[in-house]
Amino acid sequence: MTNFEHIGAYFLMLKEVFRKPQKWKVFWDLLFREIDDLGLKSLGITAFIAFFVGGVIAIQTALNVESPFIPRYLIGFATKRSMILEFAPTFISVILAGKVGSYITSSIGTMRVTEQIDALEIMGINSLNYLVLPKVIAVLFFYPILVILAMILGIFGGWVAGILTDLFFTEDYIMGIQLEFNPYFVKYAIIKTLVFAFVIVTISSYHGHKVEGGALEVGRASTKAVVWTSVVIILLNYFLTQMLLG
Amino acid sequence: MLEVKNLHKSFGEAHVLKGISAVFEKGKTSLVIGQSGSGKTVFLKCMLGLHIPEEGQISFDHRVFNKLKGKEKREIRKEIGMVFQGSALYDSMTVEENVMFPLKMFAHMTKEEMLTRANTVLDRVNLPNSNKKLPSELSGGMKKRVAIARAIVMNPKYLFCDEPNSGLDPQTAIVIDNLIREITREYDIVTVINSHDMNSVMEIGDKIIFLKDGEKAWEGTKEDIFRTDNEAVVNFVYSSNLYKKVREAYRKEM
């Protein structure tokens, strides 16, 4: 298949995904399970990464702001802006593309090669709607929460790093994070997160659903899904930034 | 009754099914046999609607399946049960949940009613007391029983089995064969089995269709298979010394 054919097949897949669930009760059960699998189980890694990334931003900014003419509160300001605008939505999404994306591709791919998807289709179940729609809704609901948590933890991590290294004072840092707070930036970050969450689930599901062969092909599909998801996230990040902030 | 007429299916340049026609009747176990690459699986997948044939017609009780769309097709699918080669049980569900799954999706039943029905079919396949086990905790034979229970839980009119004995020891294979035959007669359903297993052919083959290079090369009963002189069938069925001797003994007896 050429890349254009893949793009076409991806949009045809979306048409099947966004249909009315065949049984709402089953859909709600699956949705809660996906919130747990794709959302709650990503809390730990998200918190860990956000906290340390925030710490690194604060330390690097402090070390690069040595001039007495530059106010120290800029460290808090830079940490806050970096976390909200870029690190929380984009960095965390790329990490989740690896963690969640490979999980989705390998689980759907394994279902494909062990004929579990055929079993669904023979029963008259739309396998794409049954397997993918709950995942899409789960991440669209939960990833903004994860990203807001990442913003808060990143800013907190920056403060902890400053305290531990004595590079700046708490008062300066707090003044910095309160300075020129623009709620639109949070909105921008959440819009980006929703787009990235959609991309993570749908591209990974597409690669999983079209696997043919065995374990080796499932592994290859997972790798391909992570690479493509990351590429698409980076490209969309550029376009969304241009559109929403440019 | 399931009727297939002049079925053609190709993948690119490869013409896999070349005009196969067959009739599968109620209450009989029909076996489709043939060498690897003869088109058995493609034939089965066409009948199940997983492959779309280029030509020909598949009729489930005079309803032409491959010409139907959407809802009508889904209605026929609800009448189909399928036992996959690798069982295809859902890993994340217990035995009970696997069996109840079609009921949950399509039947208007309370949870208690679904549970009662699941227990009935699990008892029927001789698998009581395993309800809470996961597929990973079951042996190959037990998985096959769960797959059969799941396939018959909706009272299907048509049962398809893709190599139901593969990976099983000879004793368990016979148990599974007999179970399929008993269920076919008890529920009066159309059963189509894809098989390589000559024991199955001899045990439960009410009707046998032999495919060779995508064409129907022979058709008959398990008794006919001892009598036939069709070279392709004889070469395939009696490829082992054991079956050669069985055939000779049968012919002497006749």
# chains A, B, ... in the order shown; residues from 1 in each chain; ligands from 1

call {"tool": "interface_residues", "arguments": {"of": "chain A", "to": "chain B", "cutoff": "6 Å", "atoms": "only C-alpha atoms", "output": "NGL selection string"}}
result
:A and (114-116 or 123-124)

call {"tool": "residues_around", "arguments": {"residues": "region 13-30 of chain B", "least_positions_apart": "2", "cutoff": "7 Å", "atoms": "only C-alpha atoms", "output": "PyMOL selection string"}}
result
chain B and resi 1-11+32+39+181+184-185+188-193+204-208+214-216

call {"tool": "write_last_selection", "arguments": {"atoms": "N, CA and C atoms", "output": "PDB file, in the first residue's frame"}}
result
ATOM      1  N   MET B   1     -30.781 -24.780   5.286  1.00  0.00           N
ATOM      2  CA  MET B   1     -29.856 -25.263   4.257  1.00  0.00           C
ATOM      3  C   MET B   1     -28.926 -24.124   3.794  1.00  0.00           C
ATOM      4  N   LEU B   2     -27.701 -24.488   3.577  1.00  0.00           N
ATOM      5  CA  LEU B   2     -26.733 -23.512   3.087  1.00  0.00           C
ATOM      6  C   LEU B   2     -26.306 -23.945   1.678  1.00  0.00           C
ATOM      7  N   GLU B   3     -26.445 -23.049   0.762  1.00  0.00           N
ATOM      8  CA  GLU B   3     -26.160 -23.402  -0.626  1.00  0.00           C
ATOM      9  C   GLU B   3     -25.132 -22.443  -1.217  1.00  0.00           C
ATOM     10  N   VAL B   4     -24.092 -23.001  -1.796  1.00  0.00           N
ATOM     11  CA  VAL B   4     -23.061 -22.187  -2.437  1.00  0.00           C
ATOM     12  C   VAL B   4     -23.069 -22.499  -3.928  1.00  0.00           C
ATOM     13  N   LYS B   5     -23.108 -21.448  -4.741  1.00  0.00           N
ATOM     14  CA  LYS B   5     -23.156 -21.678  -6.195  1.00  0.00           C
ATOM     15  C   LYS B   5     -22.037 -20.940  -6.902  1.00  0.00           C
ATOM     16  N   ASN B   6     -21.237 -21.666  -7.624  1.00  0.00           N
ATOM     17  CA  ASN B   6     -20.248 -21.100  -8.550  1.00  0.00           C
ATOM     18  C   ASN B   6     -19.392 -19.980  -7.924  1.00  0.00           C
ATOM     19  N   LEU B   7     -18.773 -20.316  -6.802  1.00  0.00           N
ATOM     20  CA  LEU B   7     -18.026 -19.311  -6.043  1.00  0.00           C
ATOM     21  C   LEU B   7     -16.620 -19.085  -6.629  1.00  0.00           C
ATOM     22  N   HIS B   8     -16.328 -17.819  -6.904  1.00  0.00           N
ATOM     23  CA  HIS B   8     -14.995 -17.456  -7.421  1.00  0.00           C
ATOM     24  C   HIS B   8     -14.378 -16.418  -6.503  1.00  0.00           C
ATOM     25  N   LYS B   9     -13.117 -16.616  -6.173  1.00  0.00           N
ATOM     26  CA  LYS B   9     -12.414 -15.614  -5.356  1.00  0.00           C
ATOM     27  C   LYS B   9     -10.946 -15.561  -5.777  1.00  0.00           C
ATOM     28  N   SER B  10     -10.464 -14.358  -6.002  1.00  0.00           N
ATOM     29  CA  SER B  10      -9.046 -14.179  -6.363  1.00  0.00           C
ATOM     30  C   SER B  10      -8.397 -13.178  -5.429  1.00  0.00           C
ATOM     31  N   PHE B  11      -7.096 -13.324  -5.251  1.00  0.00           N
ATOM     32  CA  PHE B  11      -6.291 -12.322  -4.546  1.00  0.00           C
ATOM     33  C   PHE B  11      -5.207 -11.896  -5.519  1.00  0.00           C
ATOM     34  N   VAL B  32     -15.060 -30.075   4.903  1.00  0.00           N
ATOM     35  CA  VAL B  32     -14.343 -29.607   3.716  1.00  0.00           C
ATOM     36  C   VAL B  32     -12.883 -29.972   3.941  1.00  0.00           C
ATOM     37  N   GLY B  39      -7.582 -23.924  -0.776  1.00  0.00           N
ATOM     38  CA  GLY B  39      -8.649 -22.915  -0.771  1.00  0.00           C
ATOM     39  C   GLY B  39      -9.711 -23.132   0.300  1.00  0.00           C
ATOM     40  N   ARG B 181     -20.691 -33.277  16.485  1.00  0.00           N
ATOM     41  CA  ARG B 181     -21.724 -34.072  15.792  1.00  0.00           C
ATOM     42  C   ARG B 181     -23.015 -34.135  16.621  1.00  0.00           C
ATOM     43  N   THR B 184     -24.796 -30.857  16.430  1.00  0.00           N
ATOM     44  CA  THR B 184     -25.399 -30.690  15.098  1.00  0.00           C
ATOM     45  C   THR B 184     -26.749 -31.402  15.025  1.00  0.00           C
ATOM     46  N   ARG B 185     -26.784 -32.618  15.561  1.00  0.00           N
ATOM     47  CA  ARG B 185     -28.024 -33.399  15.481  1.00  0.00           C
ATOM     48  C   ARG B 185     -29.061 -32.881  16.475  1.00  0.00           C
ATOM     49  N   ASP B 188     -30.237 -29.543  15.351  1.00  0.00           N
ATOM     50  CA  ASP B 188     -30.648 -29.627  13.948  1.00  0.00           C
ATOM     51  C   ASP B 188     -30.113 -28.435  13.139  1.00  0.00           C
ATOM     52  N   ILE B 189     -28.799 -28.272  13.168  1.00  0.00           N
ATOM     53  CA  ILE B 189     -28.168 -27.130  12.506  1.00  0.00           C
ATOM     54  C   ILE B 189     -27.296 -27.584  11.325  1.00  0.00           C
ATOM     55  N   VAL B 190     -26.970 -26.622  10.498  1.00  0.00           N
ATOM     56  CA  VAL B 190     -26.047 -26.887   9.383  1.00  0.00           C
ATOM     57  C   VAL B 190     -24.636 -26.715   9.941  1.00  0.00           C
ATOM     58  N   THR B 191     -23.827 -27.758   9.858  1.00  0.00           N
ATOM     59  CA  THR B 191     -22.454 -27.636  10.370  1.00  0.00           C
ATOM     60  C   THR B 191     -21.450 -27.862   9.247  1.00  0.00           C
ATOM     61  N   VAL B 192     -20.544 -26.916   9.112  1.00  0.00           N
ATOM     62  CA  VAL B 192     -19.487 -27.031   8.095  1.00  0.00           C
ATOM     63  C   VAL B 192     -18.144 -26.995   8.819  1.00  0.00           C
ATOM     64  N   ILE B 193     -17.338 -28.013   8.595  1.00  0.00           N
ATOM     65  CA  ILE B 193     -16.047 -28.111   9.280  1.00  0.00           C
ATOM     66  C   ILE B 193     -14.918 -28.143   8.255  1.00  0.00           C
ATOM     67  N   ILE B 204     -17.025 -38.410  11.739  1.00  0.00           N
ATOM     68  CA  ILE B 204     -18.231 -37.568  11.724  1.00  0.00           C
ATOM     69  C   ILE B 204     -18.600 -37.011  10.346  1.00  0.00           C
ATOM     70  N   GLY B 205     -17.936 -37.483   9.316  1.00  0.00           N
ATOM     71  CA  GLY B 205     -18.167 -36.906   7.980  1.00  0.00           C
ATOM     72  C   GLY B 205     -19.451 -37.387   7.322  1.00  0.00           C
ATOM     73  N   ASP B 206     -20.575 -36.766   7.672  1.00  0.00           N
ATOM     74  CA  ASP B 206     -21.836 -37.122   7.005  1.00  0.00           C
ATOM     75  C   ASP B 206     -21.734 -36.766   5.526  1.00  0.00           C
ATOM     76  N   LYS B 207     -21.018 -35.681   5.274  1.00  0.00           N
ATOM     77  CA  LYS B 207     -20.789 -35.279   3.884  1.00  0.00           C
ATOM     78  C   LYS B 207     -19.355 -34.746   3.811  1.00  0.00           C
ATOM     79  N   ILE B 208     -18.652 -35.128   2.765  1.00  0.00           N
ATOM     80  CA  ILE B 208     -17.255 -34.688   2.636  1.00  0.00           C
ATOM     81  C   ILE B 208     -17.068 -34.029   1.268  1.00  0.00           C
ATOM     82  N   GLY B 214      -8.378 -25.103  -5.575  1.00  0.00           N
ATOM     83  CA  GLY B 214      -9.502 -24.167  -5.652  1.00  0.00           C
ATOM     84  C   GLY B 214     -10.742 -24.702  -6.338  1.00  0.00           C
ATOM     85  N   GLU B 215     -10.745 -26.000  -6.629  1.00  0.00           N
ATOM     86  CA  GLU B 215     -11.931 -26.584  -7.261  1.00  0.00           C
ATOM     87  C   GLU B 215     -12.445 -27.744  -6.434  1.00  0.00           C
ATOM     88  N   LYS B 216     -13.737 -28.017  -6.548  1.00  0.00           N
ATOM     89  CA  LYS B 216     -14.283 -29.183  -5.847  1.00  0.00           C
ATOM     90  C   LYS B 216     -13.912 -30.423  -6.654  1.00  0.00           C
TER      91      LYS B 216
END

call {"tool": "closest_residue", "arguments": {"among": "B:Phe160, B:Leu127, B:Leu179, B:Gly220", "to": "Met142 (chain B)", "atoms": "only C-alpha atoms"}}
result
B:Leu127

call {"tool": "atom_distance", "arguments": {"atom1": "CA of Leu131 (chain A)", "atom2": "CA of Tyr158 (chain B)"}}
result
26.1 Å

call {"tool": "residues_around", "arguments": {"residues": "region 11-26 of chain A", "least_positions_apart": "5", "cutoff": "8 Å", "atoms": "only C-alpha atoms", "output": "PyMOL selection string"}}
result
(chain A and resi 125-126+128-130+132-133+202+206) or (chain B and resi 104-105)

call {"tool": "write_last_selection", "arguments": {"atoms": "N, CA and C atoms", "output": "PDB file, in the first residue's frame"}}
result
ATOM      1  N   ILE A 125     -20.667  -7.789  14.781  1.00  0.00           N
ATOM      2  CA  ILE A 125     -20.258  -6.617  15.558  1.00  0.00           C
ATOM      3  C   ILE A 125     -19.277  -5.799  14.721  1.00  0.00           C
ATOM      4  N   ASN A 126     -19.487  -4.484  14.687  1.00  0.00           N
ATOM      5  CA  ASN A 126     -18.549  -3.593  14.010  1.00  0.00           C
ATOM      6  C   ASN A 126     -17.313  -3.482  14.906  1.00  0.00           C
ATOM      7  N   LEU A 128     -14.405  -2.112  14.672  1.00  0.00           N
ATOM      8  CA  LEU A 128     -13.747  -0.806  14.841  1.00  0.00           C
ATOM      9  C   LEU A 128     -14.530   0.060  15.818  1.00  0.00           C
ATOM     10  N   ASN A 129     -15.830   0.048  15.677  1.00  0.00           N
ATOM     11  CA  ASN A 129     -16.666   0.822  16.584  1.00  0.00           C
ATOM     12  C   ASN A 129     -16.559   0.253  18.000  1.00  0.00           C
ATOM     13  N   TYR A 130     -16.586  -1.054  18.110  1.00  0.00           N
ATOM     14  CA  TYR A 130     -16.545  -1.716  19.423  1.00  0.00           C
ATOM     15  C   TYR A 130     -15.202  -1.498  20.130  1.00  0.00           C
ATOM     16  N   VAL A 132     -12.472   0.705  19.085  1.00  0.00           N
ATOM     17  CA  VAL A 132     -11.764   1.991  19.021  1.00  0.00           C
ATOM     18  C   VAL A 132     -12.557   3.155  19.634  1.00  0.00           C
ATOM     19  N   LEU A 133     -13.871   3.187  19.407  1.00  0.00           N
ATOM     20  CA  LEU A 133     -14.644   4.341  19.898  1.00  0.00           C
ATOM     21  C   LEU A 133     -14.495   4.558  21.417  1.00  0.00           C
ATOM     22  N   THR A 202      -6.221   6.918  17.275  1.00  0.00           N
ATOM     23  CA  THR A 202      -6.687   6.467  15.957  1.00  0.00           C
ATOM     24  C   THR A 202      -5.546   5.907  15.090  1.00  0.00           C
ATOM     25  N   TYR A 206      -5.403   2.065  13.927  1.00  0.00           N
ATOM     26  CA  TYR A 206      -5.337   1.757  12.498  1.00  0.00           C
ATOM     27  C   TYR A 206      -4.233   0.723  12.237  1.00  0.00           C
TER      28      TYR A 206
ATOM     29  N   LYS B 104     -24.918 -10.755  25.598  1.00  0.00           N
ATOM     30  CA  LYS B 104     -24.817  -9.369  26.061  1.00  0.00           C
ATOM     31  C   LYS B 104     -25.007  -8.383  24.909  1.00  0.00           C
ATOM     32  N   MET B 105     -24.460  -8.758  23.729  1.00  0.00           N
ATOM     33  CA  MET B 105     -24.520  -7.852  22.587  1.00  0.00           C
ATOM     34  C   MET B 105     -25.881  -7.882  21.886  1.00  0.00           C
TER      35      MET B 105
END

call {"tool": "select_by_dssp", "arguments": {"residues": "region 10-119 of chain B", "states": "strand (DSSP E)", "output": "PDB file with N, CA and C atoms, in the first residue's frame"}}
result
ATOM      1  N   SER B  10     -10.464 -14.358  -6.002  1.00  0.00           N
ATOM      2  CA  SER B  10      -9.046 -14.179  -6.363  1.00  0.00           C
ATOM      3  C   SER B  10      -8.397 -13.178  -5.429  1.00  0.00           C
ATOM      4  N   PHE B  11      -7.096 -13.324  -5.251  1.00  0.00           N
ATOM      5  CA  PHE B  11      -6.291 -12.322  -4.546  1.00  0.00           C
ATOM      6  C   PHE B  11      -5.207 -11.896  -5.519  1.00  0.00           C
ATOM      7  N   ALA B  14      -3.700 -14.412  -8.101  1.00  0.00           N
ATOM      8  CA  ALA B  14      -3.999 -15.788  -7.672  1.00  0.00           C
ATOM      9  C   ALA B  14      -5.503 -16.052  -7.637  1.00  0.00           C
ATOM     10  N   HIS B  15      -5.936 -16.980  -8.485  1.00  0.00           N
ATOM     11  CA  HIS B  15      -7.344 -17.365  -8.527  1.00  0.00           C
ATOM     12  C   HIS B  15      -7.515 -18.521  -7.534  1.00  0.00           C
ATOM     13  N   VAL B  16      -8.018 -18.215  -6.342  1.00  0.00           N
ATOM     14  CA  VAL B  16      -8.022 -19.207  -5.255  1.00  0.00           C
ATOM     15  C   VAL B  16      -9.227 -20.139  -5.324  1.00  0.00           C
ATOM     16  N   LEU B  17     -10.416 -19.592  -5.521  1.00  0.00           N
ATOM     17  CA  LEU B  17     -11.615 -20.445  -5.656  1.00  0.00           C
ATOM     18  C   LEU B  17     -12.106 -20.355  -7.091  1.00  0.00           C
ATOM     19  N   LYS B  18     -12.282 -21.550  -7.703  1.00  0.00           N
ATOM     20  CA  LYS B  18     -12.607 -21.551  -9.140  1.00  0.00           C
ATOM     21  C   LYS B  18     -13.973 -22.189  -9.382  1.00  0.00           C
ATOM     22  N   GLY B  19     -14.996 -21.495  -8.969  1.00  0.00           N
ATOM     23  CA  GLY B  19     -16.358 -21.964  -9.263  1.00  0.00           C
ATOM     24  C   GLY B  19     -16.835 -23.120  -8.415  1.00  0.00           C
ATOM     25  N   ILE B  20     -16.703 -22.995  -7.104  1.00  0.00           N
ATOM     26  CA  ILE B  20     -17.144 -24.083  -6.212  1.00  0.00           C
ATOM     27  C   ILE B  20     -18.650 -23.984  -5.963  1.00  0.00           C
ATOM     28  N   SER B  21     -19.325 -25.124  -6.044  1.00  0.00           N
ATOM     29  CA  SER B  21     -20.745 -25.200  -5.689  1.00  0.00           C
ATOM     30  C   SER B  21     -20.928 -26.333  -4.687  1.00  0.00           C
ATOM     31  N   ALA B  22     -21.790 -26.124  -3.709  1.00  0.00           N
ATOM     32  CA  ALA B  22     -22.032 -27.177  -2.710  1.00  0.00           C
ATOM     33  C   ALA B  22     -23.323 -26.875  -1.961  1.00  0.00           C
ATOM     34  N   VAL B  23     -23.895 -27.938  -1.400  1.00  0.00           N
ATOM     35  CA  VAL B  23     -25.100 -27.772  -0.576  1.00  0.00           C
ATOM     36  C   VAL B  23     -24.814 -28.419   0.781  1.00  0.00           C
ATOM     37  N   PHE B  24     -25.085 -27.681   1.849  1.00  0.00           N
ATOM     38  CA  PHE B  24     -24.871 -28.207   3.204  1.00  0.00           C
ATOM     39  C   PHE B  24     -26.234 -28.289   3.891  1.00  0.00           C
ATOM     40  N   THR B  29     -23.095 -33.146   9.601  1.00  0.00           N
ATOM     41  CA  THR B  29     -21.775 -32.515   9.701  1.00  0.00           C
ATOM     42  C   THR B  29     -21.083 -32.671   8.353  1.00  0.00           C
ATOM     43  N   SER B  30     -20.812 -31.541   7.737  1.00  0.00           N
ATOM     44  CA  SER B  30     -20.160 -31.564   6.423  1.00  0.00           C
ATOM     45  C   SER B  30     -18.711 -31.138   6.593  1.00  0.00           C
ATOM     46  N   LEU B  31     -17.819 -31.928   6.045  1.00  0.00           N
ATOM     47  CA  LEU B  31     -16.398 -31.606   6.170  1.00  0.00           C
ATOM     48  C   LEU B  31     -15.820 -31.144   4.846  1.00  0.00           C
ATOM     49  N   VAL B  32     -15.060 -30.075   4.903  1.00  0.00           N
ATOM     50  CA  VAL B  32     -14.343 -29.607   3.716  1.00  0.00           C
ATOM     51  C   VAL B  32     -12.883 -29.972   3.941  1.00  0.00           C
ATOM     52  N   ILE B  33     -12.366 -30.847   3.083  1.00  0.00           N
ATOM     53  CA  ILE B  33     -10.987 -31.282   3.267  1.00  0.00           C
ATOM     54  C   ILE B  33     -10.148 -30.913   2.037  1.00  0.00           C
ATOM     55  N   GLY B  34      -8.861 -30.981   2.216  1.00  0.00           N
ATOM     56  CA  GLY B  34      -7.960 -30.672   1.097  1.00  0.00           C
ATOM     57  C   GLY B  34      -6.599 -30.270   1.635  1.00  0.00           C
ATOM     58  N   GLU B  55     -17.590 -13.619  -7.748  1.00  0.00           N
ATOM     59  CA  GLU B  55     -18.697 -14.199  -8.502  1.00  0.00           C
ATOM     60  C   GLU B  55     -19.305 -15.314  -7.667  1.00  0.00           C
ATOM     61  N   GLY B  56     -20.561 -15.614  -7.913  1.00  0.00           N
ATOM     62  CA  GLY B  56     -21.201 -16.719  -7.212  1.00  0.00           C
ATOM     63  C   GLY B  56     -22.142 -16.241  -6.137  1.00  0.00           C
ATOM     64  N   GLN B  57     -22.795 -17.226  -5.507  1.00  0.00           N
ATOM     65  CA  GLN B  57     -23.798 -16.826  -4.529  1.00  0.00           C
ATOM     66  C   GLN B  57     -23.797 -17.770  -3.329  1.00  0.00           C
ATOM     67  N   ILE B  58     -24.006 -17.192  -2.156  1.00  0.00           N
ATOM     68  CA  ILE B  58     -24.032 -17.964  -0.911  1.00  0.00           C
ATOM     69  C   ILE B  58     -25.404 -17.735  -0.292  1.00  0.00           C
ATOM     70  N   SER B  59     -26.210 -18.796  -0.216  1.00  0.00           N
ATOM     71  CA  SER B  59     -27.590 -18.620   0.268  1.00  0.00           C
ATOM     72  C   SER B  59     -27.795 -19.336   1.597  1.00  0.00           C
ATOM     73  N   PHE B  60     -28.203 -18.589   2.602  1.00  0.00           N
ATOM     74  CA  PHE B  60     -28.573 -19.168   3.889  1.00  0.00           C
ATOM     75  C   PHE B  60     -30.102 -19.276   3.881  1.00  0.00           C
ATOM     76  N   ARG B  63     -31.664 -17.001   1.440  1.00  0.00           N
ATOM     77  CA  ARG B  63     -31.335 -15.576   1.545  1.00  0.00           C
ATOM     78  C   ARG B  63     -29.909 -15.416   1.030  1.00  0.00           C
ATOM     79  N   VAL B  64     -29.759 -14.666  -0.046  1.00  0.00           N
ATOM     80  CA  VAL B  64     -28.430 -14.577  -0.687  1.00  0.00           C
ATOM     81  C   VAL B  64     -27.540 -13.624   0.129  1.00  0.00           C
ATOM     82  N   ILE B  80     -25.286 -17.373  12.963  1.00  0.00           N
ATOM     83  CA  ILE B  80     -24.059 -18.134  12.685  1.00  0.00           C
ATOM     84  C   ILE B  80     -23.219 -18.277  13.953  1.00  0.00           C
ATOM     85  N   GLY B  81     -22.737 -19.502  14.177  1.00  0.00           N
ATOM     86  CA  GLY B  81     -21.766 -19.728  15.252  1.00  0.00           C
ATOM     87  C   GLY B  81     -20.471 -20.160  14.608  1.00  0.00           C
ATOM     88  N   MET B  82     -19.355 -19.765  15.209  1.00  0.00           N
ATOM     89  CA  MET B  82     -18.065 -20.104  14.585  1.00  0.00           C
ATOM     90  C   MET B  82     -17.081 -20.571  15.648  1.00  0.00           C
ATOM     91  N   VAL B  83     -16.424 -21.692  15.345  1.00  0.00           N
ATOM     92  CA  VAL B  83     -15.354 -22.182  16.222  1.00  0.00           C
ATOM     93  C   VAL B  83     -14.047 -22.014  15.445  1.00  0.00           C
TER      94      VAL B  83
END
